[in-house]
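K.L.:
Handing over entry26.cif, mmCIF, C-alpha atoms.
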data_final
#
loop_
_atom_site.group_PDB
_atom_site.id
_atom_site.type_symbol
_atom_site.label_atom_id
_atom_site.label_comp_id
_atom_site.auth_asym_id
_atom_site.auth_seq_id
_atom_site.Cartn_x
_atom_site.Cartn_y
_atom_site.Cartn_z
ATOM 1 C CA MET A 1 152.718 163.809 221.747
ATOM 2 C CA SER A 2 154.601 164.079 225.022
ATOM 3 C CA ALA A 3 154.873 161.246 227.535
ATOM 4 C CA HIS A 4 153.167 163.412 230.172
ATOM 5 C CA LYS A 5 149.978 163.778 228.072
ATOM 6 C CA ALA A 6 149.839 160.061 227.288
ATOM 7 C CA ARG A 7 150.503 159.085 230.923
ATOM 8 C CA ARG A 8 147.577 161.237 232.037
ATOM 9 C CA VAL A 9 145.238 159.079 229.904
ATOM 10 C CA LEU A 10 146.830 155.704 230.691
ATOM 11 C CA ASP A 11 146.340 156.234 234.417
ATOM 12 C CA GLN A 12 142.573 156.268 233.818
ATOM 13 C CA ILE A 13 142.368 152.970 231.881
ATOM 14 C CA ARG A 14 144.919 150.754 233.630
ATOM 15 C CA GLY A 15 143.243 147.666 235.129
ATOM 16 C CA ARG A 16 139.956 148.129 233.267
ATOM 17 C CA SER A 17 138.288 145.794 230.768
ATOM 18 C CA TYR A 18 138.695 146.209 227.023
ATOM 19 C CA GLN A 19 135.083 147.250 226.355
ATOM 20 C CA GLU A 20 135.094 149.752 229.211
ATOM 21 C CA THR A 21 138.397 151.214 228.042
ATOM 22 C CA LEU A 22 137.086 151.911 224.549
ATOM 23 C CA MET A 23 134.086 153.730 225.994
ATOM 24 C CA ILE A 24 136.284 155.857 228.285
ATOM 25 C CA LEU A 25 138.647 156.830 225.472
ATOM 26 C CA GLU A 26 135.768 157.877 223.234
ATOM 27 C CA LEU A 27 134.366 160.214 225.888
ATOM 28 C CA MET A 28 137.575 161.775 227.269
ATOM 29 C CA PRO A 29 138.397 165.222 225.801
ATOM 30 C CA TYR A 30 142.194 164.803 225.501
ATOM 31 C CA ARG A 31 143.966 164.621 222.130
ATOM 32 C CA ALA A 32 146.111 161.707 223.348
ATOM 33 C CA CYS A 33 143.025 159.450 223.493
ATOM 34 C CA TYR A 34 142.929 158.690 219.764
ATOM 35 C CA PRO A 35 146.486 157.250 219.343
ATOM 36 C CA ILE A 36 146.060 155.244 222.568
ATOM 37 C CA PHE A 37 142.697 153.990 221.267
ATOM 38 C CA LYS A 38 144.418 152.711 218.093
ATOM 39 C CA VAL A 39 147.142 150.922 220.098
ATOM 40 C CA ILE A 40 144.633 149.141 222.357
ATOM 41 C CA TYR A 41 142.392 148.214 219.432
ATOM 42 C CA SER A 42 145.392 146.788 217.547
ATOM 43 C CA ALA A 43 146.454 144.736 220.583
ATOM 44 C CA ALA A 44 142.944 143.293 220.942
ATOM 45 C CA VAL A 45 142.780 142.365 217.244
ATOM 46 C CA ASN A 46 146.158 140.608 217.522
ATOM 47 C CA ALA A 47 144.900 138.695 220.553
ATOM 48 C CA LYS A 48 141.757 137.617 218.707
ATOM 49 C CA HIS A 49 143.292 136.575 215.377
ATOM 50 C CA ASN A 50 146.668 135.204 216.498
ATOM 51 C CA MET A 51 145.671 133.461 219.735
ATOM 52 C CA GLY A 52 141.907 133.027 219.423
ATOM 53 C CA LEU A 53 141.062 135.013 222.578
ATOM 54 C CA ASN A 54 137.670 136.557 223.235
ATOM 55 C CA GLU A 55 137.553 140.358 223.407
ATOM 56 C CA GLU A 56 134.920 140.282 226.147
ATOM 57 C CA TYR A 57 137.382 138.742 228.638
ATOM 58 C CA LEU A 58 140.391 140.967 227.887
ATOM 59 C CA VAL A 59 141.705 143.201 230.674
ATOM 60 C CA ILE A 60 144.496 145.795 230.511
ATOM 61 C CA ILE A 61 147.053 144.648 233.070
ATOM 62 C CA LYS A 62 149.902 146.896 231.936
ATOM 63 C CA ALA A 63 149.915 150.333 230.313
ATOM 64 C CA THR A 64 153.210 152.225 230.270
ATOM 65 C CA VAL A 65 154.692 155.095 228.308
ATOM 66 C CA ASP A 66 158.353 156.001 227.768
ATOM 67 C CA GLU A 67 159.847 159.178 226.397
ATOM 68 C CA GLY A 68 161.073 159.041 222.812
ATOM 69 C CA THR A 69 163.183 161.270 220.618
ATOM 70 C CA THR A 70 162.403 164.967 220.244
ATOM 71 C CA VAL A 71 161.707 166.152 216.704
ATOM 72 C CA LYS A 72 163.195 169.590 216.137
ATOM 73 C CA LYS A 73 161.833 171.874 213.459
ATOM 74 C CA LEU A 74 162.343 175.498 212.479
ATOM 75 C CA LYS A 75 159.329 177.738 211.993
ATOM 76 C CA PRO A 76 160.152 180.128 209.113
ATOM 77 C CA GLN A 77 159.248 183.805 209.571
ATOM 78 C CA ALA A 78 159.970 187.003 207.676
ATOM 79 C CA ARG A 79 162.885 189.323 208.547
ATOM 80 C CA GLY A 80 164.844 186.615 210.279
ATOM 81 C CA ARG A 81 162.357 186.052 213.088
ATOM 82 C CA SER A 82 162.211 182.252 212.704
ATOM 83 C CA TYR A 83 162.149 180.189 215.897
ATOM 84 C CA PRO A 84 162.683 176.474 216.717
ATOM 85 C CA ILE A 85 159.829 174.069 217.465
ATOM 86 C CA LYS A 86 160.363 170.947 219.588
ATOM 87 C CA ARG A 87 157.906 168.069 219.155
ATOM 88 C CA PRO A 88 158.334 165.380 221.851
ATOM 89 C CA THR A 89 157.462 161.744 221.052
ATOM 90 C CA CYS A 90 156.741 158.704 223.236
ATOM 91 C CA HIS A 91 156.523 154.895 223.150
ATOM 92 C CA ILE A 92 153.288 153.290 224.409
ATOM 93 C CA THR A 93 153.154 149.675 225.624
ATOM 94 C CA ILE A 94 149.839 147.880 226.216
ATOM 95 C CA VAL A 95 149.571 144.342 227.653
ATOM 96 C CA LEU A 96 146.249 142.466 227.694
ATOM 97 C CA LYS A 97 145.220 139.400 229.698
ATOM 98 C CA ASP A 98 142.374 136.933 229.140
ATOM 99 C CA ILE A 99 140.756 136.419 232.540
ATOM 100 C CA SER A 100 138.745 133.409 231.323
ATOM 101 C CA LEU A 101 141.850 131.198 231.122
ATOM 102 C CA TYR A 102 143.408 129.492 234.114
ATOM 103 C CA GLU A 103 146.882 130.155 232.796
ATOM 104 C CA GLU A 104 148.092 133.659 232.074
ATOM 105 C CA SER A 105 147.968 134.456 228.392
ATOM 106 C CA VAL A 106 149.599 137.803 227.763
ATOM 107 C CA VAL A 107 149.513 139.405 224.336
ATOM 108 C CA GLU A 108 151.591 142.503 223.737
ATOM 109 C CA ASN A 109 150.985 144.939 220.942
ATOM 110 C CA SER A 110 154.398 144.130 219.441
ATOM 111 C CA ILE A 111 154.460 140.314 219.199
ATOM 112 C CA GLY A 112 157.932 138.756 218.980
ATOM 113 C CA MET A 113 159.163 135.725 217.107
ATOM 114 C CA GLY A 114 157.286 132.494 217.798
ATOM 115 C CA GLN A 115 158.820 129.085 218.408
ATOM 116 C CA LYS A 116 157.296 126.922 215.672
ATOM 117 C CA ILE A 117 158.125 123.434 214.395
ATOM 118 C CA ASN A 118 156.726 121.147 211.737
ATOM 119 C CA PRO A 119 154.302 118.716 213.454
ATOM 120 C CA LEU A 120 155.522 115.809 211.301
ATOM 121 C CA GLY A 121 159.192 116.391 212.078
ATOM 122 C CA PHE A 122 158.345 116.872 215.759
ATOM 123 C CA ARG A 123 156.965 113.305 215.912
ATOM 124 C CA LEU A 124 159.607 111.517 213.834
ATOM 125 C CA GLY A 125 160.880 108.400 215.544
ATOM 126 C CA THR A 126 157.844 108.039 217.822
ATOM 127 C CA ILE A 127 154.575 107.742 215.874
ATOM 128 C CA GLN A 128 155.650 109.283 212.549
ATOM 129 C CA GLY A 129 157.787 107.515 209.957
ATOM 130 C CA HIS A 130 159.890 108.812 207.072
ATOM 131 C CA TYR A 131 158.473 109.138 203.561
ATOM 132 C CA SER A 132 161.881 108.271 202.053
ATOM 133 C CA LEU A 133 163.853 105.195 203.154
ATOM 134 C CA TRP A 134 167.383 104.750 201.805
ATOM 135 C CA PHE A 135 171.031 104.841 202.823
ATOM 136 C CA ALA A 136 173.802 106.979 201.337
ATOM 137 C CA GLN A 137 177.262 108.172 202.182
ATOM 138 C CA PRO A 138 177.582 111.744 203.520
ATOM 139 C CA ASN A 139 179.052 112.968 200.219
ATOM 140 C CA ASN A 140 176.083 111.619 198.217
ATOM 141 C CA TYR A 141 173.328 112.575 200.656
ATOM 142 C CA SER A 142 172.432 115.866 198.924
ATOM 143 C CA LYS A 143 172.195 114.107 195.554
ATOM 144 C CA GLY A 144 169.752 111.601 197.029
ATOM 145 C CA LEU A 145 167.533 114.398 198.360
ATOM 146 C CA GLN A 146 167.502 116.158 194.983
ATOM 147 C CA GLU A 147 166.668 112.861 193.301
ATOM 148 C CA ASP A 148 163.665 112.354 195.605
ATOM 149 C CA GLN A 149 162.453 115.870 194.888
ATOM 150 C CA LYS A 150 162.686 115.323 191.125
ATOM 151 C CA ILE A 151 160.743 112.059 191.411
ATOM 152 C CA ARG A 152 157.919 113.720 193.340
ATOM 153 C CA GLU A 153 157.768 116.712 190.975
ATOM 154 C CA CYS A 154 157.735 114.454 187.907
ATOM 155 C CA ILE A 155 154.870 112.355 189.307
ATOM 156 C CA LYS A 156 152.812 115.413 190.285
ATOM 157 C CA ASN A 157 153.331 117.036 186.866
ATOM 158 C CA TYR A 158 152.247 113.858 185.093
ATOM 159 C CA VAL A 159 149.132 113.535 187.267
ATOM 160 C CA GLN A 160 148.195 117.185 186.634
ATOM 161 C CA LYS A 161 148.411 116.708 182.853
ATOM 162 C CA ASN A 162 146.446 113.446 182.723
ATOM 163 C CA MET A 163 143.826 114.027 185.400
ATOM 164 C CA ARG A 164 140.274 114.882 184.447
ATOM 165 C CA LYS A 165 139.922 118.641 184.257
ATOM 166 C CA SER A 166 136.472 118.473 185.848
ATOM 167 C CA SER A 167 137.836 116.926 189.057
ATOM 168 C CA GLY A 168 140.191 119.791 189.966
ATOM 169 C CA VAL A 169 141.893 117.630 192.635
ATOM 170 C CA GLU A 170 145.049 115.609 192.071
ATOM 171 C CA GLY A 171 144.274 113.399 195.031
ATOM 172 C CA ILE A 172 147.899 112.616 195.940
ATOM 173 C CA ALA A 173 148.166 112.289 199.711
ATOM 174 C CA ARG A 174 151.846 111.365 199.877
ATOM 175 C CA ILE A 175 154.593 109.663 197.859
ATOM 176 C CA GLU A 176 156.827 107.137 199.597
ATOM 177 C CA ILE A 177 160.229 106.239 198.111
ATOM 178 C CA GLN A 178 162.287 103.177 199.041
ATOM 179 C CA LYS A 179 165.724 102.793 197.440
ATOM 180 C CA ARG A 180 167.834 99.666 197.223
ATOM 181 C CA ILE A 181 170.978 98.824 195.305
ATOM 182 C CA ASP A 182 169.214 97.787 192.103
ATOM 183 C CA LEU A 183 165.579 98.768 192.733
ATOM 184 C CA ILE A 184 163.610 101.930 193.480
ATOM 185 C CA GLN A 185 160.146 101.310 194.905
ATOM 186 C CA ILE A 186 157.668 104.228 194.670
ATOM 187 C CA ILE A 187 154.303 104.017 196.426
ATOM 188 C CA ILE A 188 151.743 106.691 195.520
ATOM 189 C CA HIS A 189 148.941 107.088 198.047
ATOM 190 C CA MET A 190 145.972 108.578 196.188
ATOM 191 C CA GLY A 191 142.462 109.392 197.239
ATOM 192 C CA PHE A 192 140.918 109.087 193.764
ATOM 193 C CA PRO A 193 143.052 106.686 191.658
ATOM 194 C CA LYS A 194 140.159 105.968 189.251
ATOM 195 C CA LEU A 195 140.422 109.506 187.859
ATOM 196 C CA LEU A 196 143.933 108.676 186.636
ATOM 197 C CA VAL A 197 143.750 104.957 185.761
ATOM 198 C CA GLU A 198 140.181 104.628 184.517
ATOM 199 C CA GLY A 199 139.984 104.190 180.739
ATOM 200 C CA LYS A 200 143.765 103.927 180.300
ATOM 201 C CA PRO A 201 145.290 101.046 182.288
ATOM 202 C CA ARG A 202 148.734 101.657 180.763
ATOM 203 C CA ARG A 203 149.147 105.036 182.401
ATOM 204 C CA ILE A 204 151.207 103.543 185.207
ATOM 205 C CA GLU A 205 153.661 102.204 182.619
ATOM 206 C CA GLU A 206 153.752 105.634 180.940
ATOM 207 C CA LEU A 207 154.427 107.275 184.295
ATOM 208 C CA GLN A 208 157.224 104.801 184.951
ATOM 209 C CA MET A 209 158.827 105.555 181.571
ATOM 210 C CA ASN A 210 158.623 109.329 182.195
ATOM 211 C CA VAL A 211 160.366 109.021 185.555
ATOM 212 C CA GLN A 212 163.104 106.845 184.047
ATOM 213 C CA LYS A 213 163.696 109.374 181.265
ATOM 214 C CA GLU A 214 163.750 112.277 183.705
ATOM 215 C CA LEU A 215 166.371 110.691 185.979
ATOM 216 C CA ASN A 216 168.279 108.619 183.371
ATOM 217 C CA TYR A 217 168.036 105.311 185.218
ATOM 218 C CA VAL A 218 170.034 102.602 183.414
ATOM 219 C CA ASN A 219 171.241 100.054 185.953
ATOM 220 C CA ARG A 220 168.368 100.412 188.436
ATOM 221 C CA LYS A 221 164.821 99.139 188.058
ATOM 222 C CA LEU A 222 161.844 101.339 188.852
ATOM 223 C CA ASN A 223 158.610 100.015 190.286
ATOM 224 C CA ILE A 224 155.559 102.270 190.828
ATOM 225 C CA THR A 225 152.424 101.183 192.663
ATOM 226 C CA ILE A 226 149.265 103.136 193.472
ATOM 227 C CA THR A 227 147.504 102.660 196.810
ATOM 228 C CA ARG A 228 143.977 103.929 197.364
ATOM 229 C CA ILE A 229 143.099 105.837 200.541
ATOM 230 C CA THR A 230 139.759 104.805 202.027
ATOM 231 C CA LYS A 231 138.930 108.266 203.449
ATOM 232 C CA PRO A 232 140.624 110.803 201.141
ATOM 233 C CA TYR A 233 139.284 113.954 202.808
ATOM 234 C CA GLY A 234 140.893 112.926 206.060
ATOM 235 C CA HIS A 235 144.309 113.834 204.612
ATOM 236 C CA PRO A 236 145.453 117.491 204.651
ATOM 237 C CA ASN A 237 147.039 117.511 201.159
ATOM 238 C CA ILE A 238 143.815 116.466 199.424
ATOM 239 C CA LEU A 239 141.834 118.871 201.581
ATOM 240 C CA ALA A 240 144.191 121.739 200.714
ATOM 241 C CA GLU A 241 143.755 121.020 196.992
ATOM 242 C CA PHE A 242 139.986 121.169 197.465
ATOM 243 C CA ILE A 243 140.190 124.559 199.222
ATOM 244 C CA ALA A 244 142.608 125.853 196.574
ATOM 245 C CA GLY A 245 140.179 124.907 193.802
ATOM 246 C CA GLN A 246 137.379 126.752 195.590
ATOM 247 C CA LEU A 247 139.520 129.872 196.004
ATOM 248 C CA ARG A 248 140.476 129.844 192.312
ATOM 249 C CA ASN A 249 136.770 129.832 191.474
ATOM 250 C CA ARG A 250 136.287 132.952 193.639
ATOM 251 C CA VAL A 251 134.306 131.159 196.321
ATOM 252 C CA SER A 252 134.299 132.892 199.710
ATOM 253 C CA PHE A 253 137.115 131.575 201.865
ATOM 254 C CA ARG A 254 134.784 131.006 204.824
ATOM 255 C CA LYS A 255 132.455 128.860 202.721
ATOM 256 C CA ALA A 256 135.418 126.895 201.370
ATOM 257 C CA ILE A 257 136.836 126.264 204.850
ATOM 258 C CA LYS A 258 133.468 125.270 206.337
ATOM 259 C CA LYS A 259 132.824 122.867 203.445
ATOM 260 C CA ALA A 260 136.275 121.342 203.960
ATOM 261 C CA ILE A 261 135.567 120.906 207.678
ATOM 262 C CA GLU A 262 132.296 119.125 206.849
ATOM 263 C CA LEU A 263 134.158 116.738 204.539
ATOM 264 C CA THR A 264 136.744 116.093 207.252
ATOM 265 C CA GLU A 265 134.088 115.272 209.844
ATOM 266 C CA GLN A 266 132.853 112.494 207.553
ATOM 267 C CA ALA A 267 136.332 110.934 207.746
ATOM 268 C CA ASP A 268 136.020 110.440 211.556
ATOM 269 C CA THR A 269 138.736 112.873 212.582
ATOM 270 C CA LYS A 270 138.932 114.375 216.068
ATOM 271 C CA GLY A 271 139.879 117.921 215.122
ATOM 272 C CA ILE A 272 141.024 120.222 212.333
ATOM 273 C CA GLN A 273 142.541 123.680 212.011
ATOM 274 C CA VAL A 274 142.688 125.550 208.680
ATOM 275 C CA GLN A 275 144.663 128.748 208.174
ATOM 276 C CA ILE A 276 144.763 130.975 205.079
ATOM 277 C CA VAL A 277 147.275 133.819 204.639
ATOM 278 C CA GLY A 278 147.464 136.498 201.941
ATOM 279 C CA ARG A 279 145.207 138.924 200.101
ATOM 280 C CA ILE A 280 142.028 137.088 200.956
ATOM 281 C CA ASP A 281 139.003 138.024 198.819
ATOM 282 C CA GLY A 282 141.154 140.581 196.980
ATOM 283 C CA LYS A 283 141.665 142.927 199.955
ATOM 284 C CA GLU A 284 144.507 145.424 199.659
ATOM 285 C CA ILE A 285 146.091 144.417 202.976
ATOM 286 C CA ALA A 286 147.164 140.819 203.541
ATOM 287 C CA ARG A 287 145.848 139.134 206.671
ATOM 288 C CA VAL A 288 145.571 135.779 208.432
ATOM 289 C CA GLU A 289 142.267 133.937 208.826
ATOM 290 C CA TRP A 290 141.873 130.592 210.577
ATOM 291 C CA ILE A 291 139.107 128.311 211.831
ATOM 292 C CA ARG A 292 139.461 125.437 214.303
ATOM 293 C CA GLU A 293 136.985 122.641 214.908
ATOM 294 C CA GLY A 294 137.526 120.061 217.641
ATOM 295 C CA ARG A 295 140.861 119.396 219.373
ATOM 296 C CA VAL A 296 144.282 119.953 217.793
ATOM 297 C CA PRO A 297 146.913 119.144 220.489
ATOM 298 C CA LEU A 298 150.099 120.170 218.689
ATOM 299 C CA GLN A 299 152.410 119.754 221.704
ATOM 300 C CA THR A 300 151.273 116.213 222.571
ATOM 301 C CA ILE A 301 153.731 113.846 220.912
ATOM 302 C CA ARG A 302 151.498 110.778 221.211
ATOM 303 C CA ALA A 303 148.758 112.601 219.260
ATOM 304 C CA LYS A 304 148.941 111.686 215.565
ATOM 305 C CA ILE A 305 148.587 114.922 213.599
ATOM 306 C CA ASP A 306 148.761 115.255 209.811
ATOM 307 C CA TYR A 307 150.007 118.600 208.493
ATOM 308 C CA CYS A 308 150.566 120.245 205.126
ATOM 309 C CA SER A 309 151.300 123.675 203.690
ATOM 310 C CA TYR A 310 149.994 124.501 200.216
ATOM 311 C CA ARG A 311 150.384 127.492 197.893
ATOM 312 C CA VAL A 312 147.640 128.541 195.499
ATOM 313 C CA ARG A 313 147.853 131.209 192.797
ATOM 314 C CA THR A 314 144.777 133.393 192.366
ATOM 315 C CA ILE A 315 144.074 136.530 190.343
ATOM 316 C CA TYR A 316 144.817 138.575 193.475
ATOM 317 C CA GLY A 317 148.163 136.935 194.208
ATOM 318 C CA VAL A 318 149.552 133.931 196.040
ATOM 319 C CA LEU A 319 147.687 132.568 199.067
ATOM 320 C CA GLY A 320 149.120 130.177 201.624
ATOM 321 C CA ILE A 321 147.054 127.349 203.123
ATOM 322 C CA LYS A 322 148.033 125.399 206.236
ATOM 323 C CA ILE A 323 146.010 122.480 207.582
ATOM 324 C CA TRP A 324 146.401 120.518 210.823
ATOM 325 C CA ILE A 325 144.265 117.367 211.283
ATOM 326 C CA PHE A 326 144.102 115.486 214.577
ATOM 327 C CA VAL A 327 143.662 111.866 213.485
ATOM 328 C CA ASP A 328 144.024 109.797 216.650
ATOM 329 C CA GLU A 329 145.892 109.502 219.939
ATOM 330 C CA GLU A 330 148.150 106.564 220.695
#
When written as structure tokens, how does the structure in this file appear?
P.N.:
Amino acid sequence: MSAHKARRVLDQIRGRSYQETLMILELMPYRACYPIFKVIYSAAVNAKHNMGLNEEYLVIIKATVDEGTTVKKLKPQARGRSYPIKRPTCHITIVLKDISLYEESVVENSIGMGQKINPLGFRLGTIQGHYSLWFAQPNNYSKGLQEDQKIRECIKNYVQKNMRKSSGVEGIARIEIQKRIDLIQIIIHMGFPKLLVEGKPRRIEELQMNVQKELNYVNRKLNITITRITKPYGHPNILAEFIAGQLRNRVSFRKAIKKAIELTEQADTKGIQVQIVGRIDGKEIARVEWIREGRVPLQTIRAKIDYCSYRVRTIYGVLGIKIWIFVDEE
């Protein structure tokens, strides 16, 4: 398609609303209408799913076309009467604007790289503390990080093996590690500690022995304590495990997310956002689905926000779950 044919159509839709543009493109007789229709529809879907904009308020503020490369072909004919065919191409750019917002929110069809940061790391030193507290020389720093990772993996594996199968939730919110010269203090924050300790009070001692065997501690003591969380579904890790269990049981992702939001509201939170990425419900094409309830001010440092990312394996493949919970504002 040549740039001239596309420009003839773009001049008719520039400055119009999204709904009006779709109606015009369906009624115009030109062949260039269909590829332009697909570009505008794709831009509107990106604006809706990636930025949460409403299609009713979208307006086309920019519609340009540039000439592309020319595809050259040779039409074969008998007796040496073949002749060349030149197929011109073009590049179409569509920019949409949401007129309902006070600030300009422009979404292009080709979205670039976003500037993203972990909400917990963004607030370190202000209202967020470290989950590991210890000191090491620069040469031994990497060994200390690997040691912390092994401790957390060993504890999670032990909890998975000894938890009740009917629960389906490990209930580990976070694991804090404090290292001294001769002592390692591990604090496990759990939402449902009875599922692990009930019936077998010596399981904490067994867990302590497993960690010592895994890391070969000889000269350092190991102390493990379990702390119960009063409102377990107010923590994103426990909530992500709940959603993952629902997805493994082939529950609709929307039902799972809405149920998780209901459980979070009981924990007196101010806002939550849940995002699921992958082959949702077994669809051939991976996509992103998210639901937000309440306020989630990610760029406000004084706002205490809990965050987690969780991977779940289903029969359709691996799905990614991200949860942001707005707890309180200091």
K.L.:
Taking the point (142.0, 146.5, 234.8) as given in the file, collect each protein or nucleic acid residue that comes within 6 Å of it, counting only C-alpha atoms, and present the set as a PyMOL selection string.
P.N.:
chain A and resi 14-17+59-61
K.L.:
For the structure provided, state which residues fall under the PyMOL selection byres ((chain A and resi 236) around 12), and present them as a ChimeraX atom specification.
P.N.:
/A:171-174,191,231-235,237-244,260-261,263-264,267,269,271-275,305-310,321-327
K.L.:
Selected by the PyMOL selection byres ((chain A and resi 330) around 12) in the shown coordinates: which residues, as a list in words?
P.N.:
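Residues picked by the PyMOL selection byres ((chain A and resi 330) around 12): Thr126, Ile127, Gln128, Thr300, Ile301, Arg302, Ala303, Lys304, Ile305, Phe326, Val327, Asp328 and Glu329 of chain A.
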K.L.:
Applied to the shown file, which residues does the PyMOL selection byres ((chain A and resi 62) around 12) return, written as number ranges by chain?
P.N.:
A: 10-11, 13-17, 40, 58-61, 63-65, 92-97, 106-109
K.L.:
Produce the centre coordinates and the three edge lengths, each in Å to one decimal, of the box along x, y and z that contains all listed atoms of segment 67-79 of chain A with 4 Å added on each side, as lines of an AutoDock Vina configuration file.
P.N.:
center_x = 161.2
center_y = 174.2
center_z = 217.0
size_x = 11.9
size_y = 38.3
size_z = 26.7
K.L.:
Can you tell me how far atom CA of Phe192 of chain A sits from atom CA of Asn249 of chain A, in Å to one decimal?
P.N.:
21.3 Å
K.L.:
Using all atoms listed in the file, pick whichever of A:Ile280, A:Ile36, A:Met28, A:Ile186 has the shortest atom-to-atom distance to Cys90 of chain A.
P.N.:
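Smallest separation from Cys90 of chain A among the options: A:Ile36.
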K.L.:
Please indicate the distance in Å from atom CA of Ile99 of chain A to atom CA of Asn46 of chain A, rounded to one decimal place.
P.N.:
16.5 Å
